[in-house]
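Q: Structure below; questions to follow.
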Amino acid sequence: MVDTIFLYSAILLLFLMLLSLYRVIGGPTVLDRILGGNIIGTKTTILLLLVGIFYENLGMFVDIAIAYALLNFIATLGGATKFFLRKRDSGEILESVLDEQAELVDRSNQANGRS
């Protein structure tokens with residue numbers, strides 16, 4: 001009974017991974033593609049844990065799932081960083097972030113009645 005629940009859960013995860021694969025291939029923006037890849041990696045990690053439960057050797061599959069989750073995280077950060085830094089250099093990005101923070105501080109001071 002428990003094995004069939006895990007089996008159906010794994011099949012459902014595979015179906016959801018196919019839907020995410022559609023988002024990776026046909027996503028309207030690059031960020032949708034990055035997010036779709038991250039979703040596939042997360043579902044693969046859970047699928048590895050389900051396989052470990054199914055084969056009654058969870059310890060080995062937990063190690064593999066942790067390593068895969070870390071690799072997925074690093075790949076997502078790398079893709080997002082490459083996307084955000086492709087048109088601007090780091091000086092422009094830092095300047096825009098500092099300008100936004102200065103505007104927020106000015107708004108906060110005006111709301112509190114300070115000059």
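In the structure tokens, the first chain shown is A, the next is B, and so on; residue numbers restart at 1 for each chain, and ligands run from 1 in the order shown.
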If we count only C-alpha atoms and set the cut-off at 9 Å, which residues sit around segment 2-5 of chain A, ignoring sequence neighbours fewer than 3 positions away in its own chain? Please answer as a PyMOL selection string.

A: chain A and resi 8-10+53-54

Q: Write out as a PyMOL selection string the residues lying within 12 Å of Asn72 of chain A, counting only C-alpha atoms and excluding same-chain residues fewer than 5 positions away.

A: chain A and resi 34-45+65-67+77-79

Q: Write the residues of the preceding selection, restricted to C-alpha atoms, as a CSV table (one decimal), in the first residue's frame.

A:
```
chain,number,residue,atom,x,y,z
A,34,ILE,CA,15.7,29.8,-15.3
A,35,LEU,CA,12.8,29.3,-12.9
A,36,GLY,CA,11.5,26.3,-14.9
A,37,GLY,CA,15.0,24.7,-14.7
A,38,ASN,CA,15.1,25.4,-10.9
A,39,ILE,CA,11.7,23.7,-10.5
A,40,ILE,CA,12.8,20.7,-12.4
A,41,GLY,CA,15.9,20.4,-10.2
A,42,THR,CA,13.8,20.7,-7.1
A,43,LYS,CA,11.4,18.0,-8.2
A,44,THR,CA,14.3,15.8,-9.2
A,45,THR,CA,15.6,16.1,-5.7
A,65,ALA,CA,19.7,14.4,-3.3
A,66,ILE,CA,21.7,16.9,-1.2
A,67,ALA,CA,24.5,17.0,-3.7
A,77,LEU,CA,22.6,31.3,-9.3
A,78,GLY,CA,25.0,31.2,-12.2
A,79,GLY,CA,22.2,31.5,-14.8
```

Q: How many Å lie between atom CA of Leu70 of chain A and atom CA of Leu48 of chain A, rounded to one decimal?

A: 13.8 Å
